[in-house]
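What follows is a single structure, written as structure tokens, with notes after it.
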2 protein chains.
Amino acid sequence: MTKQQELITGIVNSSRNHPTAAEIYIEARQKMPSIAVGTVYRNLKLLTSSGEIRKLSFPGQPERYDRIEHPHGHLHCVACGGINDFEISPTLRDEILAHAGERVISCDVTINYICDECAVANENSANKKLKNYKRRL
Amino acid sequence: MTKQQELITGIVNSSRNHPTAAEIYIEARQKMPSIAVGTVYRNLKLLTSSGEIRKLSFPGQPERYDRIEHPHGHLHCVACGGINDFEISPTLRDEILAHAGERVISCDVTINYICDECAVANENSANKKLKNYKRRL
DNA sequence: ATCAAAATTAAGAATCATTCCTAATTTTTC
DNA sequence: GAAAAATTAGGAATGATTCTTAATTTTGAT
Ligand SMILES: [Mn+2]
Ligand SMILES: [Mn+2]
Ligand SMILES: [Zn+2]
Ligand SMILES: [Zn+2]
């Protein structure tokens, strides 16, 4: 594992913000000013495909990276774009896995919602959004 | 609702392939050769944000669009990139929703795995991939 | 240690998906 | 049926990610 890989792994594993590649690159430059953006992308891809870290996709945003800790899902606020973790109970996990048989690698659970901050900050607008939305649950 | 919107909605709702914007554009041109690619993107965005259709994000792929039928999750083969639907049981749905309180808009459940076809087509390679992978369930 | 082969990197060009801009066209309102 | 508002086609612009290449670092056999 090269210095660059170690640095990048460390940044992802110590972050609780689900950072993008660009954000990881900015942080990496603090410790290693010569690092190239392509190196960050390449190593993020390597680390992801070996399962060292986790890659998250949200519509309209650049990809985000997450550490692998206890399995958890994500609450995604459609108003501010914020992403928070939530616990996946063993029951829920087993229910999900029962659907897929063997050869399962991982699973991603994302709940799209309007977070508390956005709801109080802009109550009428958030409520309108929620009301106009054709919900699918 | 304009002719273009109607056409695009129809294509998404009649497709079972989770098509990308580019694929929808190609199909749209069959019926309306003058339609512009920007129009497809703009209307897909409008339809998505009003909840008429559903937008799916998978790492490293362009965004995909899905009709809204009974709630379902997605099985994503990491080998071939194929995407298939799976039923979400009411139990599973309720478990998921219990995590998010009110103000929920939708939820996405994706299981990453290696599909049957890929497993038999390239048994040793798929098994190696599965073995080298640090699973997170 | 010494050298050659293999892997990784920095830098920046290239690509791909998506959005933005503008003038023309269509739809709505009065 | 004219004026105003909304939508479109077409293409330029943007942003994220990958690709290319030459230089540097690591590996590993002598
Ligand atoms: Mn997380
Ligand atoms: Mn589907
Ligand atoms: Zn929010
Ligand atoms: Zn497959």
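Residue names in the structure tokens use chain letters A, B, ... in the order shown, residue numbers from 1 in each chain, and ligand numbers from 1 in the order shown.
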
In chain B, DSSP strand (DSSP E) residues written as JSON, numbers by chain: {"B": [54, 55, 56, 64, 65, 66, 72, 73, 74, 75, 76, 77, 83, 84, 85, 86, 87, 104, 105, 106, 107, 108, 109, 110, 111, 112, 113]}

May I have chain B as a CSV table (one decimal) with C-alpha atoms, in the first residue's frame, after a least-squares superposition on chain A that uses all C-alpha atoms paired in order?
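Saved result, out.csv, follows:
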```
chain,number,residue,atom,x,y,z
B,1,MET,CA,0.0,0.0,0.0
B,2,THR,CA,1.6,3.3,-1.1
B,3,LYS,CA,1.7,6.5,0.9
B,4,GLN,CA,-1.0,7.9,-1.2
B,5,GLN,CA,-3.3,5.0,-0.7
B,6,GLU,CA,-2.7,5.1,3.0
B,7,LEU,CA,-3.5,8.8,3.1
B,8,ILE,CA,-6.7,8.4,1.1
B,9,THR,CA,-7.9,5.5,3.1
B,10,GLY,CA,-7.2,7.4,6.3
B,11,ILE,CA,-9.2,10.4,5.1
B,12,VAL,CA,-12.2,8.3,4.2
B,13,ASN,CA,-12.1,6.2,7.3
B,14,SER,CA,-11.8,9.2,9.7
B,15,SER,CA,-14.5,11.2,8.0
B,16,ARG,CA,-18.1,11.2,9.0
B,17,ASN,CA,-19.2,13.5,6.1
B,18,HIS,CA,-19.5,11.1,3.2
B,19,PRO,CA,-17.0,13.2,1.3
B,20,THR,CA,-16.7,13.4,-2.5
B,21,ALA,CA,-13.5,12.8,-4.4
B,22,ALA,CA,-13.0,16.5,-4.7
B,23,GLU,CA,-13.3,17.0,-1.0
B,24,ILE,CA,-10.9,14.1,-0.3
B,25,TYR,CA,-8.5,15.6,-2.7
B,26,ILE,CA,-8.5,18.9,-0.9
B,27,GLU,CA,-7.9,17.2,2.4
B,28,ALA,CA,-5.2,15.0,1.0
B,29,ARG,CA,-3.3,18.0,-0.3
B,30,GLN,CA,-2.9,19.3,3.2
B,31,LYS,CA,-0.7,16.4,4.1
B,32,MET,CA,0.8,15.8,0.6
B,33,PRO,CA,0.7,18.9,-1.6
B,34,SER,CA,2.0,17.1,-4.6
B,35,ILE,CA,-0.7,14.5,-4.8
B,36,ALA,CA,-2.6,14.5,-8.1
B,37,VAL,CA,-6.4,14.4,-8.5
B,38,GLY,CA,-6.1,11.4,-10.8
B,39,THR,CA,-4.3,9.6,-8.0
B,40,VAL,CA,-7.2,10.2,-5.7
B,41,TYR,CA,-9.7,8.9,-8.2
B,42,ARG,CA,-7.7,5.9,-9.1
B,43,ASN,CA,-7.1,4.8,-5.5
B,44,LEU,CA,-10.7,5.5,-4.5
B,45,LYS,CA,-11.7,3.2,-7.3
B,46,LEU,CA,-9.2,0.5,-6.2
B,47,LEU,CA,-10.3,0.8,-2.6
B,48,THR,CA,-13.9,0.6,-3.5
B,49,SER,CA,-13.6,-2.4,-5.8
B,50,SER,CA,-11.7,-4.3,-3.1
B,51,GLY,CA,-14.4,-3.4,-0.5
B,52,GLU,CA,-12.1,-1.4,1.7
B,53,ILE,CA,-14.4,1.6,1.5
B,54,ARG,CA,-17.9,2.2,0.2
B,55,LYS,CA,-19.1,4.3,-2.7
B,56,LEU,CA,-22.4,6.1,-2.5
B,57,SER,CA,-24.4,7.4,-5.4
B,58,PHE,CA,-27.0,10.1,-5.1
B,59,PRO,CA,-28.8,11.6,-8.1
B,60,GLY,CA,-27.3,14.9,-9.3
B,61,GLN,CA,-24.3,14.7,-7.0
B,62,PRO,CA,-20.8,13.5,-7.5
B,63,GLU,CA,-20.1,10.2,-6.0
B,64,ARG,CA,-19.5,10.0,-2.3
B,65,TYR,CA,-17.3,7.7,-0.2
B,66,ASP,CA,-18.0,6.1,3.1
B,67,ARG,CA,-16.1,4.0,5.6
B,68,ILE,CA,-17.2,0.5,6.3
B,69,GLU,CA,-18.3,0.2,9.8
B,70,HIS,CA,-21.3,-1.6,11.2
B,71,PRO,CA,-23.8,-1.8,8.3
B,72,HIS,CA,-26.0,1.3,8.1
B,73,GLY,CA,-28.3,3.0,5.7
B,74,HIS,CA,-28.6,6.6,4.7
B,75,LEU,CA,-31.1,9.4,5.2
B,76,HIS,CA,-30.9,11.7,2.2
B,77,CYS,CA,-32.6,15.1,2.5
B,78,VAL,CA,-33.9,16.1,-0.9
B,79,ALA,CA,-34.0,19.7,0.2
B,80,CYS,CA,-30.5,20.4,1.4
B,81,GLY,CA,-28.8,17.3,0.0
B,82,GLY,CA,-27.5,16.3,3.5
B,83,ILE,CA,-26.7,12.7,4.2
B,84,ASN,CA,-27.0,11.1,7.6
B,85,ASP,CA,-26.5,7.5,8.8
B,86,PHE,CA,-29.1,5.3,10.3
B,87,GLU,CA,-28.8,2.0,12.0
B,88,ILE,CA,-30.0,-1.1,10.1
B,89,SER,CA,-31.4,-3.5,12.5
B,90,PRO,CA,-30.5,-7.2,12.2
B,91,THR,CA,-34.1,-7.9,11.4
B,92,LEU,CA,-34.1,-5.5,8.6
B,93,ARG,CA,-30.8,-6.8,7.3
B,94,ASP,CA,-32.0,-10.4,7.3
B,95,GLU,CA,-35.2,-9.4,5.5
B,96,ILE,CA,-33.1,-7.7,2.8
B,97,LEU,CA,-30.7,-10.5,2.4
B,98,ALA,CA,-33.4,-13.1,2.2
B,99,HIS,CA,-34.3,-11.5,-1.2
B,100,ALA,CA,-30.9,-12.1,-2.8
B,101,GLY,CA,-29.7,-15.6,-2.1
B,102,GLU,CA,-26.0,-16.2,-2.1
B,103,ARG,CA,-23.5,-14.1,-4.1
B,104,VAL,CA,-24.5,-11.0,-2.3
B,105,ILE,CA,-21.8,-8.4,-1.9
B,106,SER,CA,-23.5,-5.5,-0.2
B,107,CYS,CA,-26.7,-3.6,0.1
B,108,ASP,CA,-27.6,0.1,0.1
B,109,VAL,CA,-30.7,1.5,1.8
B,110,THR,CA,-31.5,5.1,1.2
B,111,ILE,CA,-34.5,7.0,2.6
B,112,ASN,CA,-35.3,10.2,0.8
B,113,TYR,CA,-36.9,12.7,3.1
B,114,ILE,CA,-36.9,16.3,4.3
B,115,CYS,CA,-34.7,16.7,7.3
B,116,ASP,CA,-35.6,18.5,10.5
B,117,GLU,CA,-33.5,21.5,9.8
B,118,CYS,CA,-35.0,22.0,6.4
B,119,ALA,CA,-38.5,21.4,7.7
B,120,VAL,CA,-38.3,24.1,10.3
B,121,ALA,CA,-36.2,26.5,8.3
B,122,ASN,CA,-38.7,26.7,5.5
B,123,GLU,CA,-41.8,25.1,6.8
B,124,ASN,CA,-44.3,26.2,4.1
B,125,SER,CA,-42.0,25.4,1.2
B,126,ALA,CA,-41.1,22.0,2.6
B,127,ASN,CA,-44.7,21.1,3.2
B,128,LYS,CA,-45.7,22.2,-0.3
B,129,LYS,CA,-42.9,20.1,-1.7
B,130,LEU,CA,-44.0,17.1,0.3
B,131,LYS,CA,-47.6,17.7,-0.6
B,132,ASN,CA,-47.0,18.1,-4.4
B,133,TYR,CA,-44.9,15.0,-4.4
B,134,LYS,CA,-46.4,11.7,-5.6
B,135,ARG,CA,-45.1,9.5,-2.8
B,136,ARG,CA,-43.8,6.1,-3.4
B,137,LEU,CA,-43.2,4.0,-0.3
```

12 Å contacts from chain C to chain A using only C-alpha atoms (C1' of nucleotides), as a count of residues only: 9

DSSP-assigned helix (DSSP H, G or I) among stretch 39-128 of chain B, expressed as an MDAnalysis selection string: chainID B and resid 39:49 90:98 116:121 123:128

Counting only C-alpha atoms (C1' of nucleotides), chain D residues within 10 Å of chain B, as a PyMOL selection string: chain D and resi 7-11+17
